[in-house]
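What follows is a set of notes on a single structure, which appears directly below.
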Amino acid sequence: MRLANILQYFWGERMRRFWRDSHTKKILAAFSFFAIMIAILFSNFSPQQVMLRTDEVAKRNIVSNITAVVIDEKQTEDLKQQATDRVQKKYEEDKYALANARTEANNFYINLRGILQSNSTDKKTAITGLLNDMVRQKNVSSGINTTSSANYLLVTKPQDIDKMEQATLSMVELAMSKPITEEAMGGVYNDVSQQVNKLGFISSAEEIINIATINAIRPNMIFNQEATTTAIKEAEDAVEPVHKTVKIGEIIVREGDRVTAEQISVLEQLGIQRTKSYPITLVGAAAFVIISFWLMLEYLRRYHKDLYENDKQMLLLGIIMLIVLLLARFATVIQIADRPEINAMSGYLAPVAAGSMLIAILLNNKLAYFITMVMALYVGLLNGGNQLAFVIVAFISGTVGIYRVSRLSQTSDLAISGLYIAGVNVATILAMAFIYSNITISIVLVGIMIGVINGILSAVLMIGALPYLESGFSITSMIKLLELSNPNHDLLKKLMLEAPGTYHHSLMVGNLAEASAESIGANPLLVRVGAYYHDIGKIKRSEYFVENQRGFDDPHDKIAPALSALIIISHVKEGLELAREARLPQVIIDFIGEHHGTSLQNFFYSRALEEEGEGMVNEDSFRYEGPKPHSKEVALVMLADSVEAAVRSLPAPSLEKIRTMVRKILRDKLNDRQLEECDLTFKDVDVIANTFCRVLEGVYHKRIEYPDIVKELTKRSGTYGDDDNRPTEQG
């Protein structure tokens with residue numbers, strides 16, 4: 001019993017470790033995604049196709065659900081056959097045919113003379129055999145009596161045989177002076193017989209000349225199989241396929257009719273006839289999912305490695321894709337009207353733009369373009385008919401959605417994006433209708449309606465799902481950042497009321513950092529919001545920070561430099577506490593904790609050295625705890641924070657002083673190794689310096705000299721003009 005308990009414990013512990021293993025979770029998630037995608041695709045193929053055989057009786061009317069141009073296979077095949085029949089066989093000349101024919105004729109007479117001159121006792125039989133062999137060799141009925149001819153040859157004079165040989169050679173040359181093919185040999189034999197009859201020889205001699213000539217003659221044009229085959233292929237290829245238009249709602253096969261091969265061909269071209277079995281279709285669907293799945297993973301691994309290694313973000317990406325494709329599948333079964341051409345447009349309702357915008361907002365807008373393309377391909381496969389049209393509309397609507405949310409300035413832009421998507425949907429759907437359909441008023445009106453519904457539905461789905469996905473996956477999107485940038489946020493309002501100088505300083509830091517963010521590949525909105533909150537820790541002891549000191553008393557004059565440094569440094573820790581209490585996103589908390597890095601409090605450190613002397617002061621007590629900035633955005637705020645404070649401290653800021661101070665601050669941060677943990681380059685730092693100088697020069701620009709009368713009026717009113725940034729003076 002105890003052994004069983006021990007085994008059960010170890011087995012249970014092993015299984016728990018198995019299920020907690022991150023690789024196991026990834027494999028299960030990938031398999032689940034794979035299975036669901038195959039199910040979505042395969043569900044689209046099963047119910048819509050038929051499997052008919054030639055001569056089978058149709059059990060129902062089979063109707064086309066699209067307007068399409070198909071090939072009339074039977075008429076096209078008939079035209080090809082006619083073109084093939086008109087092709088003449090190709091021949092090439094046999095240059096040795098005449099010489100071989102002469103040799104054949106000469107050999108006959110040589111053999112004949114050999115028999116006649118021999119000492120054989122049975123010459124007649126030998127001559128008869130020679131003549132019979134010639135007749136059998138050509139298989140031509142020449143009407144020759146070989147026995148009678150043999151008797152004639154036995155008594156013929158040698159000079160007569162020579163004349164017969166000369167006549168035979170003449171007839172061979174005459175016959176072969178023209179092109180002769182294998183098929184024309186019968187006609188040539190007849191011509192030879194007629195020509196021989198005109199030579200004036202006795203009948204027996206004519207018969208021998210005739211058979212000798214026919215035996216020698218052969219085709220001088222040889223059939224070229226390869227050239228003929230090529231000519232036939234060219235003739236077939238030259239035949240243009242015969243097309244016919246099949247309209248939506250047209251009955252291809254009527255109930256009770258026998259199915260013809262031509263009808264099956266039309267059904268196959270329309271995608272109605274299943275040409276493969278269900279298992280093969282399932283294999284094809286699985287193969288497509290595997291290929292697209294591999295492409296997405298490889299793309300993520302190469303270009304978005306951080307996201308690829310983040311399990312939560314990968315899960316979010318998979319969920320968004322599955323939701324969009326499930327909705328796209330649902331859209332294909334919606335019946336808009338009783339007319340097939342109208343119902344075929346329901347596939348345009350697929351809300352791909354909603355998924356595209358969610359990916360752009362929550363993950364990455366560049367990734368969103370690639371995933372939009374993949375989702376558009378799936379939408380095309382989920383719909384019958386003109387699949388390319390559905391792919392184009394889905395991709396364009398998703399792309400426009402990404403454009404609209406890539407640079408949000410206010411939350412109302414989300415709703416406006418739906419109107420842009422609706423507009424481009426209407427234009428694209430109508431363009432596809434003009435290309436692929438017969439335009440009618442009903443198709444135009446339905447296209448407009450579907451385009452508008454798709455755009456508004458995409459925006460509604462995106463806005464509705466966004467807060468749940470944000471909170472569920474702990475993602476700080478641009479929408480969340482826009483909410484945090486609202487001055488009415490509790491922390492910002494408190495900062496504005498209790499530390500107005502710090503609030504103004506934060507706004508200036510935000511403007512400085514945001515101006516150079518985009519040029520170095522940083523997120524401008526994140527930089528601005530991070531700058532707003534980076535100094536919220538100063539709320540607790542605002543009077544200890546110079547920007548909030550309204551009077552002439554400085555509390556630091558009454559305390560030791562070490563205590564002053566501790567108070568100043570503690571605003572980071574106090575800011576982190578306030579941020580966590582307010583449940584700010586971690587990405588904003590990073591700005592608070594890292595915007596000083598491990599920098600040294602130079603002012604109070606120098607005072608401590610003056611008071612206590614060299615070697616008596618611990619430098620670490622005057623340094624921030626860190627950590628150093630880990631991102632470009634935080635590094636920008638660090639630099640902008642130091643630059644803004646330093647330039648503000650200049651007694652009479654000129655353009656040259658501003659530039660010198662900016663370069664000095666950035667050089668000091670580099671020398672202090674505060675930027676070594678972020679991915680800023682020297683080129684980035686140079687761009688940042690130039691941008692800071694440009695913005696600060698605009699703030700501290702040269703003032704015009706007022707006329708004396710204006711100055712006098714200004715003094716009497718107790719203030720300087722709006723163009724003067726000096727403190728207000730009383731008259």
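Labels for the structure tokens follow display order: chains A, B, ..., residues from 1 in each chain, ligands from 1.
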
I'd like the contact shell of Lys628 (chain A) - 9 Å cut-off, only C-alpha atoms, skipping same-chain residues fewer than 2 positions apart - returned as a PDB file with C-alpha atoms, in the first residue's frame.
ATOM      1  CA  GLY A 593      12.418  54.032 -11.561  1.00  0.00           C
ATOM      2  CA  GLU A 594      14.976  54.415 -14.354  1.00  0.00           C
ATOM      3  CA  HIS A 595      14.877  58.055 -15.460  1.00  0.00           C
ATOM      4  CA  HIS A 596      17.860  58.973 -13.226  1.00  0.00           C
ATOM      5  CA  GLY A 597      19.665  55.652 -13.597  1.00  0.00           C
ATOM      6  CA  THR A 598      22.582  55.645 -11.168  1.00  0.00           C
ATOM      7  CA  SER A 599      23.440  59.294 -11.739  1.00  0.00           C
ATOM      8  CA  GLU A 625      19.752  53.521  -6.848  1.00  0.00           C
ATOM      9  CA  GLY A 626      18.876  52.875 -10.486  1.00  0.00           C
ATOM     10  CA  HIS A 630      16.673  49.707 -20.530  1.00  0.00           C
ATOM     11  CA  ALA A 635      16.755  57.083 -22.014  1.00  0.00           C
ATOM     12  CA  ARG A 673      27.796  55.084 -18.517  1.00  0.00           C
ATOM     13  CA  GLN A 674      24.116  55.779 -17.919  1.00  0.00           C
ATOM     14  CA  LEU A 675      23.146  54.757 -21.478  1.00  0.00           C
ATOM     15  CA  GLU A 676      25.039  51.482 -21.707  1.00  0.00           C
ATOM     16  CA  GLU A 677      22.005  49.236 -21.046  1.00  0.00           C
ATOM     17  CA  CYS A 678      19.720  50.716 -23.705  1.00  0.00           C
TER      18      CYS A 678
END

Run DSSP on the backbone and tell me which residues of region 145-337 of chain A come out as strand (DSSP E or B); list them as a list in words.
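Reading the DSSP output for region 145-337 of chain A, strand (DSSP E or B) covers Met221, Ile222, Phe223, His243, Lys244, Thr245, Val246, Ile251, Ile252, Val253, Arg258 and Gln273 of chain A.
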
Keeping only C-alpha atoms, write those residues as a compact mmCIF listing (two decimals), in the first residue's frame.
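Result went into selection35.txt, see below:
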# COMPACT_ATOMS: atom_id res chain seq x y z
CA MET A 221 10.56 11.41 -98.72
CA ILE A 222 10.86 9.97 -95.16
CA PHE A 223 8.11 10.63 -92.58
CA HIS A 243 -15.81 30.33 -73.34
CA LYS A 244 -19.32 30.70 -72.14
CA THR A 245 -20.75 32.71 -69.27
CA VAL A 246 -22.54 30.96 -66.45
CA ILE A 251 -29.22 25.70 -63.35
CA ILE A 252 -26.29 23.57 -64.47
CA VAL A 253 -27.91 20.16 -63.92
CA ARG A 258 -28.67 12.30 -66.69
CA GLN A 273 -18.03 19.33 -58.27

Minimum-distance residue to Ala689 (chain A), chosen among A:Arg541, A:Arg550, A:Ser120, A:Ser519 (using only C-alpha atoms)
A:Ser519

Which of these residues is nearest to Ala640 (chain A), using only C-alpha atoms: A:Asp257, A:Glu298, A:Glu611, A:Glu514?
A:Glu514

Nearest residue to Glu206 (chain A) out of A:Val172, A:Ile232, A:Met164, A:Arg623, using only C-alpha atoms?
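So, comparing all the options, the nearest one is A:Met164.
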